[in-house]
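Data from target.txt: compact mmCIF, N, CA and C atoms
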```
# COMPACT_ATOMS: atom_id res chain seq x y z
N MET A 1 -0.44 -6.96 -25.45
CA MET A 1 -1.71 -7.22 -24.80
C MET A 1 -2.56 -5.94 -24.90
N THR A 2 -3.79 -6.09 -25.31
CA THR A 2 -4.69 -4.95 -25.45
C THR A 2 -5.34 -4.62 -24.10
N LEU A 3 -5.94 -3.45 -24.01
CA LEU A 3 -6.65 -3.07 -22.79
C LEU A 3 -7.81 -4.03 -22.54
N LEU A 4 -8.49 -4.47 -23.59
CA LEU A 4 -9.57 -5.44 -23.43
C LEU A 4 -9.03 -6.72 -22.78
N GLU A 5 -7.92 -7.21 -23.26
CA GLU A 5 -7.33 -8.42 -22.69
C GLU A 5 -6.92 -8.21 -21.23
N VAL A 6 -6.40 -7.03 -20.93
CA VAL A 6 -6.02 -6.71 -19.55
C VAL A 6 -7.25 -6.73 -18.64
N LEU A 7 -8.33 -6.09 -19.08
CA LEU A 7 -9.55 -6.05 -18.27
C LEU A 7 -10.18 -7.42 -18.10
N VAL A 8 -10.16 -8.23 -19.15
CA VAL A 8 -10.69 -9.60 -19.03
C VAL A 8 -9.85 -10.40 -18.03
N SER A 9 -8.54 -10.21 -18.08
CA SER A 9 -7.65 -10.90 -17.13
C SER A 9 -7.91 -10.43 -15.70
N ILE A 10 -8.06 -9.13 -15.51
CA ILE A 10 -8.36 -8.60 -14.18
C ILE A 10 -9.69 -9.14 -13.68
N ARG A 11 -10.67 -9.21 -14.57
CA ARG A 11 -11.98 -9.76 -14.21
C ARG A 11 -11.84 -11.19 -13.72
N GLN A 12 -11.07 -12.00 -14.45
CA GLN A 12 -10.86 -13.39 -14.07
C GLN A 12 -10.15 -13.49 -12.71
N GLN A 13 -9.13 -12.66 -12.52
CA GLN A 13 -8.42 -12.66 -11.25
C GLN A 13 -9.34 -12.25 -10.10
N LEU A 14 -10.21 -11.30 -10.37
CA LEU A 14 -11.16 -10.86 -9.36
C LEU A 14 -12.12 -11.98 -8.97
N LEU A 15 -12.61 -12.71 -9.96
CA LEU A 15 -13.49 -13.85 -9.66
C LEU A 15 -12.76 -14.90 -8.82
N GLN A 16 -11.49 -15.09 -9.12
CA GLN A 16 -10.69 -16.04 -8.34
C GLN A 16 -10.51 -15.52 -6.90
N CYS A 17 -10.30 -14.22 -6.75
CA CYS A 17 -10.18 -13.63 -5.40
C CYS A 17 -11.46 -13.86 -4.60
N ILE A 18 -12.58 -13.74 -5.26
CA ILE A 18 -13.86 -13.96 -4.59
C ILE A 18 -13.97 -15.41 -4.13
N ASP A 19 -13.65 -16.34 -5.04
CA ASP A 19 -13.73 -17.77 -4.71
C ASP A 19 -12.81 -18.13 -3.55
N GLU A 20 -11.64 -17.51 -3.52
CA GLU A 20 -10.63 -17.84 -2.50
C GLU A 20 -10.66 -16.87 -1.31
N ASN A 21 -11.55 -15.89 -1.35
CA ASN A 21 -11.60 -14.83 -0.35
C ASN A 21 -10.22 -14.23 -0.12
N ASN A 22 -9.55 -13.92 -1.23
CA ASN A 22 -8.19 -13.39 -1.19
C ASN A 22 -8.25 -11.87 -1.18
N ARG A 23 -8.32 -11.31 0.02
CA ARG A 23 -8.46 -9.87 0.17
C ARG A 23 -7.20 -9.12 -0.24
N GLN A 24 -6.05 -9.71 -0.02
CA GLN A 24 -4.79 -9.04 -0.35
C GLN A 24 -4.65 -8.85 -1.86
N GLU A 25 -4.91 -9.88 -2.64
CA GLU A 25 -4.83 -9.74 -4.09
C GLU A 25 -5.92 -8.80 -4.62
N ALA A 26 -7.09 -8.85 -4.01
CA ALA A 26 -8.17 -7.94 -4.41
C ALA A 26 -7.74 -6.49 -4.18
N GLU A 27 -7.00 -6.24 -3.14
CA GLU A 27 -6.51 -4.88 -2.87
C GLU A 27 -5.53 -4.44 -3.97
N GLN A 28 -4.70 -5.36 -4.44
CA GLN A 28 -3.79 -5.04 -5.54
C GLN A 28 -4.56 -4.75 -6.82
N LEU A 29 -5.60 -5.52 -7.09
CA LEU A 29 -6.44 -5.27 -8.25
C LEU A 29 -7.14 -3.92 -8.13
N PHE A 30 -7.57 -3.59 -6.92
CA PHE A 30 -8.20 -2.30 -6.68
C PHE A 30 -7.26 -1.16 -7.07
N THR A 31 -6.02 -1.27 -6.66
CA THR A 31 -5.03 -0.23 -6.97
C THR A 31 -4.84 -0.09 -8.47
N ALA A 32 -4.70 -1.20 -9.17
CA ALA A 32 -4.52 -1.16 -10.63
C ALA A 32 -5.75 -0.56 -11.30
N LEU A 33 -6.92 -0.94 -10.85
CA LEU A 33 -8.16 -0.44 -11.45
C LEU A 33 -8.36 1.05 -11.16
N ALA A 34 -7.90 1.51 -10.00
CA ALA A 34 -8.01 2.93 -9.68
C ALA A 34 -7.20 3.76 -10.67
N VAL A 35 -6.03 3.26 -11.05
CA VAL A 35 -5.21 3.96 -12.04
C VAL A 35 -5.91 3.95 -13.40
N LEU A 36 -6.44 2.80 -13.79
CA LEU A 36 -7.16 2.71 -15.07
C LEU A 36 -8.39 3.62 -15.08
N ARG A 37 -9.07 3.73 -13.96
CA ARG A 37 -10.24 4.60 -13.87
C ARG A 37 -9.84 6.06 -14.14
N GLU A 38 -8.77 6.50 -13.51
CA GLU A 38 -8.33 7.89 -13.70
C GLU A 38 -7.96 8.15 -15.16
N ILE A 39 -7.30 7.19 -15.79
CA ILE A 39 -6.94 7.33 -17.21
C ILE A 39 -8.19 7.34 -18.07
N SER A 40 -9.16 6.50 -17.72
CA SER A 40 -10.38 6.39 -18.54
C SER A 40 -11.20 7.67 -18.54
N TYR A 41 -11.03 8.50 -17.52
CA TYR A 41 -11.77 9.77 -17.48
C TYR A 41 -11.38 10.68 -18.64
N GLN A 42 -10.23 10.43 -19.24
CA GLN A 42 -9.79 11.22 -20.38
C GLN A 42 -10.37 10.71 -21.70
N SER A 43 -11.04 9.58 -21.66
CA SER A 43 -11.61 8.97 -22.86
C SER A 43 -13.07 9.38 -23.02
N PRO A 44 -13.51 9.52 -24.25
CA PRO A 44 -14.94 9.81 -24.46
C PRO A 44 -15.83 8.58 -24.27
N ASN A 45 -15.25 7.41 -24.09
CA ASN A 45 -16.01 6.16 -23.96
C ASN A 45 -16.50 6.00 -22.52
N ARG A 46 -17.67 6.55 -22.22
CA ARG A 46 -18.24 6.48 -20.87
C ARG A 46 -18.60 5.05 -20.47
N GLU A 47 -18.97 4.24 -21.44
CA GLU A 47 -19.31 2.84 -21.14
C GLU A 47 -18.09 2.11 -20.57
N LEU A 48 -16.94 2.34 -21.17
CA LEU A 48 -15.70 1.72 -20.68
C LEU A 48 -15.39 2.21 -19.27
N THR A 49 -15.53 3.51 -19.04
CA THR A 49 -15.28 4.04 -17.70
C THR A 49 -16.22 3.39 -16.69
N GLY A 50 -17.48 3.22 -17.04
CA GLY A 50 -18.43 2.57 -16.15
C GLY A 50 -18.05 1.14 -15.82
N ILE A 51 -17.56 0.43 -16.80
CA ILE A 51 -17.14 -0.96 -16.58
C ILE A 51 -15.94 -1.02 -15.64
N ILE A 52 -14.99 -0.12 -15.85
CA ILE A 52 -13.83 -0.08 -14.97
C ILE A 52 -14.26 0.25 -13.54
N ILE A 53 -15.20 1.16 -13.41
CA ILE A 53 -15.71 1.51 -12.07
C ILE A 53 -16.41 0.31 -11.44
N ASP A 54 -17.18 -0.45 -12.22
CA ASP A 54 -17.83 -1.66 -11.68
C ASP A 54 -16.78 -2.66 -11.18
N LEU A 55 -15.73 -2.87 -11.96
CA LEU A 55 -14.65 -3.78 -11.53
C LEU A 55 -13.96 -3.23 -10.27
N LEU A 56 -13.73 -1.94 -10.26
CA LEU A 56 -13.10 -1.30 -9.10
C LEU A 56 -13.95 -1.48 -7.85
N ASP A 57 -15.24 -1.25 -7.97
CA ASP A 57 -16.15 -1.43 -6.82
C ASP A 57 -16.14 -2.87 -6.33
N SER A 58 -16.10 -3.82 -7.25
CA SER A 58 -16.07 -5.23 -6.87
C SER A 58 -14.77 -5.56 -6.14
N ALA A 59 -13.66 -5.06 -6.65
CA ALA A 59 -12.37 -5.30 -6.00
C ALA A 59 -12.35 -4.69 -4.60
N ARG A 60 -12.93 -3.50 -4.47
CA ARG A 60 -13.02 -2.85 -3.16
C ARG A 60 -13.83 -3.70 -2.18
N ASP A 61 -14.98 -4.20 -2.63
CA ASP A 61 -15.82 -5.03 -1.77
C ASP A 61 -15.06 -6.25 -1.26
N VAL A 62 -14.35 -6.93 -2.16
CA VAL A 62 -13.59 -8.12 -1.76
C VAL A 62 -12.46 -7.73 -0.81
N ALA A 63 -11.72 -6.68 -1.15
CA ALA A 63 -10.58 -6.25 -0.33
C ALA A 63 -11.01 -5.86 1.08
N MET A 64 -12.19 -5.24 1.17
CA MET A 64 -12.66 -4.79 2.48
C MET A 64 -13.45 -5.86 3.23
N GLY A 65 -13.77 -6.94 2.54
CA GLY A 65 -14.50 -8.03 3.18
C GLY A 65 -15.93 -7.66 3.52
N VAL A 66 -16.52 -6.75 2.73
CA VAL A 66 -17.90 -6.35 2.99
C VAL A 66 -18.87 -7.25 2.23
N SER A 67 -20.11 -7.14 2.60
CA SER A 67 -21.14 -7.90 1.89
C SER A 67 -21.13 -7.50 0.42
N TRP A 68 -21.46 -8.43 -0.41
CA TRP A 68 -21.40 -8.23 -1.85
C TRP A 68 -22.43 -7.21 -2.28
N LYS A 69 -21.96 -6.06 -2.85
CA LYS A 69 -22.85 -5.00 -3.28
C LYS A 69 -22.72 -4.72 -4.77
N SER A 70 -21.57 -4.98 -5.32
CA SER A 70 -21.25 -4.55 -6.67
C SER A 70 -21.56 -5.62 -7.71
N THR A 71 -21.40 -5.23 -8.97
CA THR A 71 -21.67 -6.11 -10.09
C THR A 71 -20.41 -6.26 -10.92
N ILE A 72 -20.07 -7.50 -11.24
CA ILE A 72 -18.91 -7.74 -12.11
C ILE A 72 -19.42 -7.82 -13.54
N PRO A 73 -18.89 -6.95 -14.41
CA PRO A 73 -19.33 -6.99 -15.81
C PRO A 73 -18.97 -8.31 -16.47
N THR A 74 -19.78 -8.72 -17.42
CA THR A 74 -19.49 -9.93 -18.18
C THR A 74 -18.42 -9.63 -19.23
N VAL A 75 -17.84 -10.69 -19.77
CA VAL A 75 -16.88 -10.54 -20.86
C VAL A 75 -17.56 -9.88 -22.05
N GLU A 76 -18.81 -10.22 -22.28
CA GLU A 76 -19.56 -9.62 -23.39
C GLU A 76 -19.73 -8.12 -23.20
N GLN A 77 -19.97 -7.69 -21.97
CA GLN A 77 -20.08 -6.26 -21.70
C GLN A 77 -18.75 -5.55 -21.96
N LEU A 78 -17.67 -6.20 -21.58
CA LEU A 78 -16.34 -5.64 -21.85
C LEU A 78 -16.12 -5.50 -23.35
N GLN A 79 -16.43 -6.54 -24.07
CA GLN A 79 -16.25 -6.51 -25.52
C GLN A 79 -17.12 -5.42 -26.16
N ALA A 80 -18.33 -5.27 -25.68
CA ALA A 80 -19.24 -4.27 -26.24
C ALA A 80 -18.71 -2.86 -26.00
N ALA A 81 -18.09 -2.63 -24.86
CA ALA A 81 -17.52 -1.30 -24.58
C ALA A 81 -16.42 -0.96 -25.55
N PHE A 82 -15.67 -1.97 -25.97
CA PHE A 82 -14.60 -1.71 -26.93
C PHE A 82 -15.15 -1.60 -28.34
N SER A 83 -16.24 -2.26 -28.63
CA SER A 83 -16.89 -2.11 -29.94
C SER A 83 -17.43 -0.70 -30.07
N GLU A 84 -17.92 -0.16 -28.97
CA GLU A 84 -18.48 1.19 -28.95
C GLU A 84 -17.40 2.22 -29.29
N ALA A 85 -16.17 1.94 -28.87
CA ALA A 85 -15.06 2.89 -29.11
C ALA A 85 -14.62 2.89 -30.56
N SER A 86 -14.95 1.85 -31.30
CA SER A 86 -14.49 1.75 -32.70
C SER A 86 -15.27 2.65 -33.63
```
Mind converting the file's structure to structure tokens?
Amino acid sequence: MTLLEVLVSIRQQLLQCIDENNRQEAEQLFTALAVLREISYQSPNRELTGIIIDLLDSARDVAMGVSWKSTIPTVEQLQAAFSEAS
């Protein structure tokens, strides 16, 4: 499984958490995304880091049950970030 596939899967799970108001699973996604964010800081691909941060912020919002503030990147935005790295 590629990192792109992982992020698309996390994105889908996050959308499901929002639909189901599943704060516990959103917290698990937040933890996974926090690790990916730290790793992404070592990459020159700032667009990818920004996308991971957007997903992280969304997971945090759901986990904390706060009003919706963040933006979930589209699959196309994810794909474009990986095209940029090529």
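Distance annotation: of A:Asn22, A:Lys69, A:Thr49, A:Leu55, the residue with the minimal separation from Ile10 in chain A is A:Leu55; atom set is only N, CA and C atoms.
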**Message:** Could you list, as number ranges by chain, every residue within 8 Å of range 74-83 of chain A, counting only N, CA and C atoms and ignoring same-chain residues fewer than 4 positions away?
**Reply:** A: 4, 7-8, 45-49, 51
Convert the current residue selection to file output with N, CA and C atoms, as a compact mmCIF listing (two decimals), in the coordinates of the input.
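Below you can see out_29.txt, which holds the result:
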```txt
# COMPACT_ATOMS: atom_id res chain seq x y z
N LEU A 4 -8.49 -4.47 -23.59
CA LEU A 4 -9.57 -5.44 -23.43
C LEU A 4 -9.03 -6.72 -22.78
N LEU A 7 -8.33 -6.09 -19.08
CA LEU A 7 -9.55 -6.05 -18.27
C LEU A 7 -10.18 -7.42 -18.10
N VAL A 8 -10.16 -8.23 -19.15
CA VAL A 8 -10.69 -9.60 -19.03
C VAL A 8 -9.85 -10.40 -18.03
N ASN A 45 -15.25 7.41 -24.09
CA ASN A 45 -16.01 6.16 -23.96
C ASN A 45 -16.50 6.00 -22.52
N ARG A 46 -17.67 6.55 -22.22
CA ARG A 46 -18.24 6.48 -20.87
C ARG A 46 -18.60 5.05 -20.47
N GLU A 47 -18.97 4.24 -21.44
CA GLU A 47 -19.31 2.84 -21.14
C GLU A 47 -18.09 2.11 -20.57
N LEU A 48 -16.94 2.34 -21.17
CA LEU A 48 -15.70 1.72 -20.68
C LEU A 48 -15.39 2.21 -19.27
N THR A 49 -15.53 3.51 -19.04
CA THR A 49 -15.28 4.04 -17.70
C THR A 49 -16.22 3.39 -16.69
N ILE A 51 -17.56 0.43 -16.80
CA ILE A 51 -17.14 -0.96 -16.58
C ILE A 51 -15.94 -1.02 -15.64
```
**Request:** May I ask for the distance between CA of Glu5 in chain A and CA of Leu33 in chain A, given in Å to one decimal place?
**Result:**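 According to the coordinates, CA of Glu5 in chain A and CA of Leu33 in chain A are separated by 13.8 Å.
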**Request:** Measuring atom to atom with all atoms listed in the file, identify which of A:Ile39, A:Asp54, A:Arg60, A:Ser70 is nearest to Glu27 in chain A.
**Result:**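 Looking at the shortest contact to Glu27 in chain A, the residue is A:Arg60.
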Near Leu36 in chain A, counting only C-alpha atoms, which residues have an atom at most 10 Å away, once you skip same-chain residues fewer than 6 positions from it, shown as a PDB file with N, CA and C atoms, keeping the file's coordinate frame?
```pdb
ATOM      1  N   LEU A   3      -5.940  -3.450 -24.010  1.00  0.00           N
ATOM      2  CA  LEU A   3      -6.650  -3.070 -22.790  1.00  0.00           C
ATOM      3  C   LEU A   3      -7.810  -4.030 -22.540  1.00  0.00           C
ATOM      4  N   LEU A   7      -8.330  -6.090 -19.080  1.00  0.00           N
ATOM      5  CA  LEU A   7      -9.550  -6.050 -18.270  1.00  0.00           C
ATOM      6  C   LEU A   7     -10.180  -7.420 -18.100  1.00  0.00           C
ATOM      7  N   PHE A  30      -7.570  -3.590  -6.920  1.00  0.00           N
ATOM      8  CA  PHE A  30      -8.200  -2.300  -6.680  1.00  0.00           C
ATOM      9  C   PHE A  30      -7.260  -1.160  -7.070  1.00  0.00           C
ATOM     10  N   THR A  49     -15.530   3.510 -19.040  1.00  0.00           N
ATOM     11  CA  THR A  49     -15.280   4.040 -17.700  1.00  0.00           C
ATOM     12  C   THR A  49     -16.220   3.390 -16.690  1.00  0.00           C
ATOM     13  N   ILE A  52     -14.990  -0.120 -15.850  1.00  0.00           N
ATOM     14  CA  ILE A  52     -13.830  -0.080 -14.970  1.00  0.00           C
ATOM     15  C   ILE A  52     -14.260   0.250 -13.540  1.00  0.00           C
ATOM     16  N   ILE A  53     -15.200   1.160 -13.410  1.00  0.00           N
ATOM     17  CA  ILE A  53     -15.710   1.510 -12.070  1.00  0.00           C
ATOM     18  C   ILE A  53     -16.410   0.310 -11.440  1.00  0.00           C
ATOM     19  N   LEU A  56     -13.730  -1.940 -10.260  1.00  0.00           N
ATOM     20  CA  LEU A  56     -13.100  -1.300  -9.100  1.00  0.00           C
ATOM     21  C   LEU A  56     -13.950  -1.480  -7.850  1.00  0.00           C
TER      22      LEU A  56
END
```
**Asked** What is the CA of Tyr41 in chain A to CA of Leu29 in chain A distance in Å?
**Response**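 Value for the CA of Tyr41 in chain A-CA of Leu29 in chain A distance: 18.4 Å.
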Just need the box for range 26-45 of chain A, edges along x, y and z, holding every atom the file lists for it with 8 Å tacked onto each side, so centre and edge lengths in Å to one decimal, as lines of an AutoDock Vina configuration file.
```
center_x = -10.1
center_y = 1.2
center_z = -13.7
size_x = 28.7
size_y = 36.1
size_z = 37.6
```
**Request:** Between CA of Val6 in chain A and CA of Val66 in chain A, measure the distance and give it in Å to one decimal.
**Result:**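 We find that CA of Val6 in chain A and CA of Val66 in chain A lie 25.5 Å from each other.
Between Ile18 in chain A and the residues A:Val62, A:Asp57, A:Thr2, A:Ser40, the shortest atom-to-atom distance, using all atoms listed in the file, involves A:Val62.
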**Prompt:** Residues at most 8 Å from Glu25 in chain A, counting all atoms listed in the file, excluding those fewer than 4 positions away in the same chain, as a PyMOL selection string?
**Reply:** chain A and resi 13-14+17+21+29-31+59+62-63
